[in-house]
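Asks: Have a peek at run-v5.txt (compact mmCIF, C-alpha atoms and all ligand atoms).
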# COMPACT_ATOMS: atom_id res chain seq x y z
CA VAL T 17 -7.49 73.17 72.68
CA ALA T 18 -4.61 72.38 70.33
CA LEU T 19 -5.50 69.28 68.38
CA ASN T 20 -2.68 66.95 67.56
CA ALA T 21 -2.76 63.78 65.44
CA LYS T 22 -0.18 61.99 67.54
CA VAL T 23 -1.10 58.73 69.27
CA PRO T 24 -0.50 59.15 73.03
CA ALA T 25 2.71 57.31 74.03
CA THR T 26 0.84 55.07 76.51
CA ILE T 27 -1.36 53.79 73.69
CA ALA T 28 1.45 53.41 71.15
CA GLU T 29 3.28 51.28 73.72
CA PHE T 30 0.16 49.36 74.69
CA LEU T 31 -0.66 48.14 71.19
CA VAL T 32 1.57 45.37 69.81
CA THR T 33 1.41 46.60 66.20
CA PRO T 34 0.44 49.86 64.49
CA THR T 35 -2.33 49.97 61.87
CA PRO T 36 -0.99 48.72 58.51
CA GLU T 37 -0.50 51.41 55.84
CA SER T 38 -2.67 49.41 53.42
CA TRP T 39 -5.67 49.84 55.71
CA ILE T 40 -5.11 53.61 55.95
CA ASP T 41 -4.84 53.85 52.13
CA ALA T 42 -8.07 51.87 51.72
CA ALA T 43 -9.91 54.00 54.30
CA ALA T 44 -9.18 57.26 52.48
CA GLY T 45 -11.10 55.95 49.45
CA ARG T 46 -13.99 54.43 51.41
CA LEU T 47 -15.35 57.31 53.41
CA ALA T 48 -19.00 56.19 53.26
CA ASP T 49 -18.16 52.67 54.53
CA LEU T 50 -15.90 54.14 57.17
CA LEU T 51 -18.51 56.55 58.54
CA LEU T 52 -21.28 53.98 58.52
CA ASP T 53 -19.16 51.49 60.45
CA HIS T 54 -17.90 54.23 62.76
CA ALA T 55 -21.47 55.25 63.63
CA ASN T 56 -22.25 51.61 64.43
CA CYS T 57 -19.12 51.40 66.61
CA GLU T 58 -20.19 54.41 68.68
CA LEU T 59 -23.62 52.88 69.23
CA LYS T 60 -21.99 49.58 70.19
CA ALA T 61 -19.63 51.41 72.59
CA ALA T 62 -22.64 52.98 74.34
CA SER T 63 -24.32 49.59 74.49
CA THR T 64 -21.18 47.94 75.91
CA ALA T 65 -21.05 50.53 78.69
CA LEU T 66 -24.75 49.93 79.48
CA GLY T 67 -24.09 46.18 79.43
CA PHE T 68 -21.70 46.53 82.37
CA ILE T 69 -24.45 48.28 84.36
CA TYR T 70 -26.95 45.52 83.60
CA ARG T 71 -24.48 42.75 84.47
CA TYR T 72 -22.88 44.29 87.58
CA PRO T 73 -25.58 46.55 89.12
CA GLU T 74 -24.13 46.13 92.64
CA ARG T 75 -20.77 47.68 91.68
CA SER T 76 -21.55 51.35 92.19
CA GLY T 77 -18.13 52.70 91.16
CA LEU T 78 -18.21 50.75 87.90
CA CYS T 79 -21.83 51.71 87.23
CA SER T 80 -21.43 55.46 87.70
CA ARG T 81 -18.40 55.47 85.41
CA MET T 82 -20.20 53.38 82.78
CA SER T 83 -23.27 55.59 82.95
CA ARG T 84 -21.19 58.66 82.06
CA LEU T 85 -19.35 56.72 79.37
CA ALA T 86 -22.57 55.46 77.78
CA ARG T 87 -23.83 59.06 77.50
CA GLU T 88 -20.57 60.21 75.96
CA GLU T 89 -20.57 57.38 73.39
CA LEU T 90 -24.20 58.08 72.54
CA ARG T 91 -23.25 61.70 71.91
CA HIS T 92 -20.49 60.52 69.56
CA PHE T 93 -23.10 58.41 67.77
CA GLU T 94 -25.31 61.48 67.32
CA GLN T 95 -22.33 63.49 66.03
CA VAL T 96 -21.35 60.87 63.43
CA ARG T 97 -24.95 60.59 62.28
CA ARG T 98 -25.18 64.36 61.92
CA ILE T 99 -22.07 64.38 59.70
CA MET T 100 -23.51 61.50 57.67
CA GLU T 101 -26.74 63.45 57.19
CA GLN T 102 -24.78 66.49 56.02
CA LEU T 103 -23.06 64.25 53.46
CA SER T 104 -26.40 62.61 52.49
CA MET T 105 -25.20 59.21 53.68
CA PRO T 106 -27.98 56.95 55.03
CA PHE T 107 -27.51 55.10 58.31
CA ALA T 108 -28.05 51.33 58.61
CA LYS T 109 -27.42 48.76 61.30
CA ARG T 110 -24.35 46.57 60.67
CA SER T 111 -23.55 43.15 62.14
CA ALA T 112 -20.52 42.70 64.41
CA SER T 113 -17.17 42.88 62.63
CA ARG T 114 -14.61 40.07 62.61
CA TYR T 115 -12.54 42.20 65.00
CA ALA T 116 -15.20 42.77 67.66
CA GLY T 117 -16.66 39.27 67.31
CA SER T 118 -13.29 37.54 67.67
CA LEU T 119 -12.31 39.61 70.70
CA ARG T 120 -15.70 38.97 72.29
CA ASP T 121 -15.13 35.22 71.79
CA CYS T 122 -12.02 35.51 74.01
CA VAL T 123 -14.07 36.57 77.03
CA ARG T 124 -14.19 33.68 79.52
CA ARG T 125 -17.58 32.85 80.99
CA GLU T 126 -16.87 32.41 84.69
CA GLU T 127 -16.31 35.30 87.11
CA PRO T 128 -14.14 37.14 87.92
CA HIS T 129 -12.53 36.28 84.55
CA ARG T 130 -15.57 37.42 82.66
CA LEU T 131 -15.40 40.93 84.13
CA LEU T 132 -11.62 41.11 83.72
CA ASP T 133 -11.69 39.97 80.08
CA SER T 134 -14.61 42.25 79.22
CA LEU T 135 -12.81 45.29 80.65
CA LEU T 136 -9.50 44.41 78.98
CA VAL T 137 -11.16 43.81 75.60
CA ALA T 138 -12.92 47.17 75.94
CA ALA T 139 -9.58 48.84 76.80
CA LEU T 140 -8.01 47.29 73.70
CA ILE T 141 -10.83 48.43 71.42
CA GLU T 142 -10.64 51.99 72.80
CA ALA T 143 -6.84 52.02 72.37
CA ARG T 144 -7.10 50.82 68.78
CA SER T 145 -9.85 53.32 68.00
CA CYS T 146 -7.66 56.13 69.32
CA GLU T 147 -4.75 54.92 67.18
CA ARG T 148 -6.98 54.69 64.09
CA PHE T 149 -8.36 58.22 64.55
CA ALA T 150 -4.77 59.49 64.69
CA ALA T 151 -3.88 57.55 61.53
CA LEU T 152 -6.98 58.76 59.68
CA ALA T 153 -7.13 62.43 60.63
CA PRO T 154 -4.27 63.64 58.39
CA GLN T 155 -5.98 61.94 55.41
CA LEU T 156 -9.32 63.72 55.93
CA GLU T 157 -10.77 67.12 55.24
CA GLU T 158 -12.76 69.34 57.58
CA PRO T 159 -15.13 68.94 59.32
CA LEU T 160 -14.20 65.26 59.67
CA ARG T 161 -10.57 65.93 60.44
CA GLY T 162 -11.22 68.09 63.51
CA PHE T 163 -13.98 65.74 64.65
CA TYR T 164 -11.64 62.74 64.52
CA LEU T 165 -8.90 64.61 66.37
CA GLY T 166 -11.38 65.34 69.15
CA LEU T 167 -12.44 61.68 69.28
CA LEU T 168 -8.80 60.61 69.48
CA ALA T 169 -8.57 62.37 72.85
CA SER T 170 -11.86 60.83 74.08
CA GLU T 171 -10.84 57.30 73.18
CA ALA T 172 -7.49 57.77 74.93
CA ARG T 173 -9.42 58.66 78.11
CA HIS T 174 -11.78 55.71 77.69
CA PHE T 175 -8.80 53.39 77.34
CA GLU T 176 -7.44 54.66 80.68
CA VAL T 177 -10.86 54.24 82.34
CA TYR T 178 -11.26 50.62 81.27
CA LEU T 179 -7.70 49.69 82.18
CA ALA T 180 -8.03 51.28 85.64
CA LEU T 181 -11.35 49.46 86.22
CA ALA T 182 -9.70 46.14 85.26
CA GLN T 183 -7.05 46.81 87.90
CA GLN T 184 -9.53 47.93 90.58
CA GLN T 185 -12.65 45.80 90.11
CA CYS T 186 -11.50 42.22 89.57
CA GLY T 187 -9.34 41.38 92.60
CA ILE T 188 -6.73 39.92 90.29
CA GLY T 189 -3.01 40.48 90.91
CA ASP T 190 -0.84 42.59 88.60
CA GLN T 191 1.03 39.60 87.22
CA ALA T 192 -2.08 37.60 86.38
CA LEU T 193 -3.61 40.69 84.77
CA GLU T 194 -0.47 41.30 82.70
CA ARG T 195 -0.42 37.68 81.54
CA ARG T 196 -4.03 37.85 80.38
CA LEU T 197 -3.43 41.20 78.74
CA THR T 198 -0.46 39.79 76.82
CA ASP T 199 -2.67 37.02 75.38
CA LEU T 200 -5.45 39.42 74.39
CA LYS T 201 -3.02 41.93 72.87
CA ARG T 202 -1.64 39.15 70.67
CA VAL T 203 -5.13 38.24 69.43
CA GLU T 204 -5.89 41.91 68.76
CA SER T 205 -2.66 42.40 66.85
CA ASP T 206 -3.33 39.30 64.72
CA LEU T 207 -6.79 40.67 63.82
CA ILE T 208 -5.33 44.02 62.82
CA THR T 209 -2.52 42.56 60.68
CA SER T 210 -4.27 39.63 58.94
CA ALA T 211 -6.18 40.14 55.69
CA ASP T 212 -9.88 40.88 56.12
CA SER T 213 -12.56 40.17 53.53
CA GLU T 214 -14.63 43.14 54.71
CA PHE T 215 -13.56 46.76 55.18
CA ARG T 216 -14.45 48.04 58.66
CA PHE T 217 -13.27 50.65 61.13
CA HIS T 218 -11.32 47.89 62.95
CA SER T 219 -10.58 45.57 60.00
CA GLY T 220 -7.21 44.16 58.96
CA PRO T 221 -5.61 45.03 55.63
CA PRO T 222 -8.03 44.52 52.70
CA ALA T 223 -7.83 40.97 51.28
FE FE U 301 -16.70 57.11 71.11
FE FE U 302 -14.86 55.27 73.43
Give the structure from the file, written as C-alpha cells.
Ligand SMILES: [Fe+2]
Ligand SMILES: [Fe+2]

Replies:
Amino acid sequence: VALNAKVPATIAEFLVTPTPESWIDAAAGRLADLLLDHANCELKAASTALGFIYRYPERSGLCSRMSRLAREELRHFEQVRRIMEQLSMPFAKRSASRYAGSLRDCVRREEPHRLLDSLLVAALIEARSCERFAALAPQLEEPLRGFYLGLLASEARHFEVYLALAQQQCGIGDQALERRLTDLKRVESDLITSADSEFRFHSGPPA
C-alpha cells in the first residue's frame, strides 16, 4: 500500500480550520508527551465505541460496527504502547483533555439528540485525528512515520463510519443534522485554534 501524508479531501472540507503551524512545531519537540497522550486517545476511542454498545444494546447494526471498531482501537493502543516500550517511555493514565471534555459537554442529554451528538462528536474527533496524523507524519522518523501514515487511513475510515451512523441511526432529517453539525464544527474549530495551557494530541496552539 502506498502511504501518503495527504489529508483526504472529504476530511479537509469537513474541518473548519486546519491544525495551526505552531502546534505542529511544538509537537515535533514533544514526542514523549505526544505518544503518551496518543496512547490514551486510542484507549479512549476503544472505550467510546464500547460505550455505544452499553448505551444502545438493542441497535444491532450500531453494536456490530462498534464492536469491530473497539477491537481496532484497542489494537492501535497496543501498537502505540509497543513503540513507547521500544523508546523506554513509561505509560500512564491521563485525564480528559480540554478538547475532548469540551466536545463531550456539547452532547445533549435527551434522545435522540444524545445519540446524534455523540456520533457527530466522535466523527469530528476521528476527522481531526486523521488530519493531525497527516500533519505530523512528515516531521517524524521511522518507525513512527509509517505507523502514523497507516493510522491516518484508519481514522479516515472511522470518520466515515460515525458520520454514516449519525445519518442512519437517529431519524433526524438532513437539514437538522447539518445545522447541528455546523454548531459542533464551530466549537471544534475554536478548540483547535485557541491557546491551550496543556500540550495534547488534540490541543490548540501552546499558550
Ligand atoms: Fe485509532
Ligand atoms: Fe479511530

Asks: For range 111-117 of chain T, please output as a compact mmCIF listing (two decimals) with C-alpha atoms, keeping the file's coordinate frame all residues within 8 Å (counting all atoms listed in the file; exclusion window: fewer than 5 positions along the same chain).

Replies:
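What ended up in result22.txt:
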# COMPACT_ATOMS: atom_id res chain seq x y z
CA GLU T 204 -5.89 41.91 68.76
CA LEU T 207 -6.79 40.67 63.82
CA ILE T 208 -5.33 44.02 62.82
CA ARG T 216 -14.45 48.04 58.66
CA HIS T 218 -11.32 47.89 62.95
CA SER T 219 -10.58 45.57 60.00

Asks: Enumerate as a PyMOL selection string the residues within 6 Å of ligand FE 302 (chain U), counting all atoms listed in the file.

Replies: chain T and resi 142+171+174

Asks: Please produce, as a Markdown table, a per-residue contact table for chain T versus ligand FE 301 (chain U) (criterion: any atom at most 8 Å away, all atoms listed in the file considered), showing the nearest atom pair and its distance in Å to one decimal, sorted by chain then residue number.

Replies:
| residue | atom | partner | partner_atom | distance |
| --- | --- | --- | --- | --- |
| T:Cys57 | CA | U:FE301 | FE | 7.7 |
| T:Glu58 | CA | U:FE301 | FE | 5.0 |
| T:Ala61 | CA | U:FE301 | FE | 6.6 |
| T:Ala62 | CA | U:FE301 | FE | 7.9 |
| T:Glu88 | CA | U:FE301 | FE | 6.9 |
| T:Glu89 | CA | U:FE301 | FE | 4.5 |
| T:Leu90 | CA | U:FE301 | FE | 7.7 |
| T:His92 | CA | U:FE301 | FE | 5.3 |
| T:Phe93 | CA | U:FE301 | FE | 7.3 |
| T:Leu167 | CA | U:FE301 | FE | 6.5 |
| T:Ser170 | CA | U:FE301 | FE | 6.8 |
| T:Glu171 | CA | U:FE301 | FE | 6.2 |

Asks: Hey, can you spit out that residue selection with C-alpha atoms as a short mmCIF file (atom, residue, chain, number, x, y, z; two decimals), in the coordinates of the input?

Replies:
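Output file result20.cif follows:
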data_model
loop_
_atom_site.label_atom_id
_atom_site.label_comp_id
_atom_site.auth_asym_id
_atom_site.auth_seq_id
_atom_site.Cartn_x
_atom_site.Cartn_y
_atom_site.Cartn_z
CA CYS T 57 -19.12 51.40 66.61
CA GLU T 58 -20.19 54.41 68.68
CA ALA T 61 -19.63 51.41 72.59
CA ALA T 62 -22.64 52.98 74.34
CA GLU T 88 -20.57 60.21 75.96
CA GLU T 89 -20.57 57.38 73.39
CA LEU T 90 -24.20 58.08 72.54
CA HIS T 92 -20.49 60.52 69.56
CA PHE T 93 -23.10 58.41 67.77
CA LEU T 167 -12.44 61.68 69.28
CA SER T 170 -11.86 60.83 74.08
CA GLU T 171 -10.84 57.30 73.18
#

Asks: Go through T:Arg120, T:Arg144, T:His129, T:Lys60 and flag the residue nearest Leu85 in chain T, using only C-alpha atoms for the distances.

Replies: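 Going through T:Arg120, T:Arg144, T:His129, T:Lys60 one by one, the smallest distance to Leu85 in chain T is for T:Lys60.
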
Asks: Could you state the separation of CA of Thr26 in chain T and CA of Arg195 in chain T in Å, given to one decimal place?

Replies: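 Separation between CA of Thr26 in chain T and CA of Arg195 in chain T: 18.1 Å.
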
Asks: Could you tell me how far CA of Ala153 in chain T lies from CA of Leu165 in chain T, in Å and to one decimal?

Replies: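 Taking CA of Ala153 in chain T and CA of Leu165 in chain T, their separation equals 6.4 Å.
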
Asks: Mind pulling up the distance from CA of Gly67 in chain T to CA of Ala86 in chain T?

Replies: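 So the two atoms, CA of Ala86 in chain T and CA of Gly67 in chain T, lie 9.5 Å apart.
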
Asks: Quick one: of T:Asp121, T:Glu214, T:Glu74, T:Glu101, who's nearest to Gln185 in chain T, counting all atoms listed in the file?

Replies: T:Glu74

Asks: Go through T:Leu51, T:Leu31, T:Cys146, T:Leu136 one by one, measure the shortest atom-to-atom distance of each to Glu194 in chain T using all atoms listed in the file, and give the residue with the smallest value.

Replies: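 For Glu194 in chain T, the nearest of the given residues is T:Leu136.
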
Asks: Counting only C-alpha atoms, figure out which residue out of T:Phe68, T:Phe163, T:Phe107, T:Tyr178 gets nearest to Leu140 in chain T.

Replies: T:Tyr178

Asks: Which of these residues is nearest to Pro34 in chain T, using all atoms listed in the file: T:Glu147, T:Glu176, T:Glu157, T:Asp199?

Replies: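 Comparing T:Glu147, T:Glu176, T:Glu157, T:Asp199 against Pro34 in chain T, the winner is T:Glu147.
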
Asks: Quick one: 3 Å padding each side, axis-aligned, all listed atoms of range 177-188 of chain T - centre and edge lengths in Å to one decimal, as JSON?

Replies:
{"center_x": -9.7, "center_y": 47.1, "center_z": 86.9, "size_x": 11.9, "size_y": 20.3, "size_z": 17.3}

Asks: Got a sec: who's within 12 Å of Leu156 in chain T, counting all atoms listed in the file, leaving out chain neighbours fewer than 3 positions off, as a short mmCIF file (atom, residue, chain, number, x, y, z; two decimals) with C-alpha atoms, in the coordinates of the input?

Replies:
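Output file result12.cif follows:
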data_model
loop_
_atom_site.label_atom_id
_atom_site.label_comp_id
_atom_site.auth_asym_id
_atom_site.auth_seq_id
_atom_site.Cartn_x
_atom_site.Cartn_y
_atom_site.Cartn_z
CA ALA T 21 -2.76 63.78 65.44
CA ILE T 40 -5.11 53.61 55.95
CA ASP T 41 -4.84 53.85 52.13
CA ALA T 43 -9.91 54.00 54.30
CA ALA T 44 -9.18 57.26 52.48
CA GLY T 45 -11.10 55.95 49.45
CA ARG T 46 -13.99 54.43 51.41
CA LEU T 47 -15.35 57.31 53.41
CA LEU T 50 -15.90 54.14 57.17
CA LEU T 51 -18.51 56.55 58.54
CA PHE T 149 -8.36 58.22 64.55
CA ALA T 150 -4.77 59.49 64.69
CA ALA T 151 -3.88 57.55 61.53
CA LEU T 152 -6.98 58.76 59.68
CA ALA T 153 -7.13 62.43 60.63
CA PRO T 159 -15.13 68.94 59.32
CA LEU T 160 -14.20 65.26 59.67
CA ARG T 161 -10.57 65.93 60.44
CA GLY T 162 -11.22 68.09 63.51
CA PHE T 163 -13.98 65.74 64.65
CA TYR T 164 -11.64 62.74 64.52
CA LEU T 165 -8.90 64.61 66.37
#
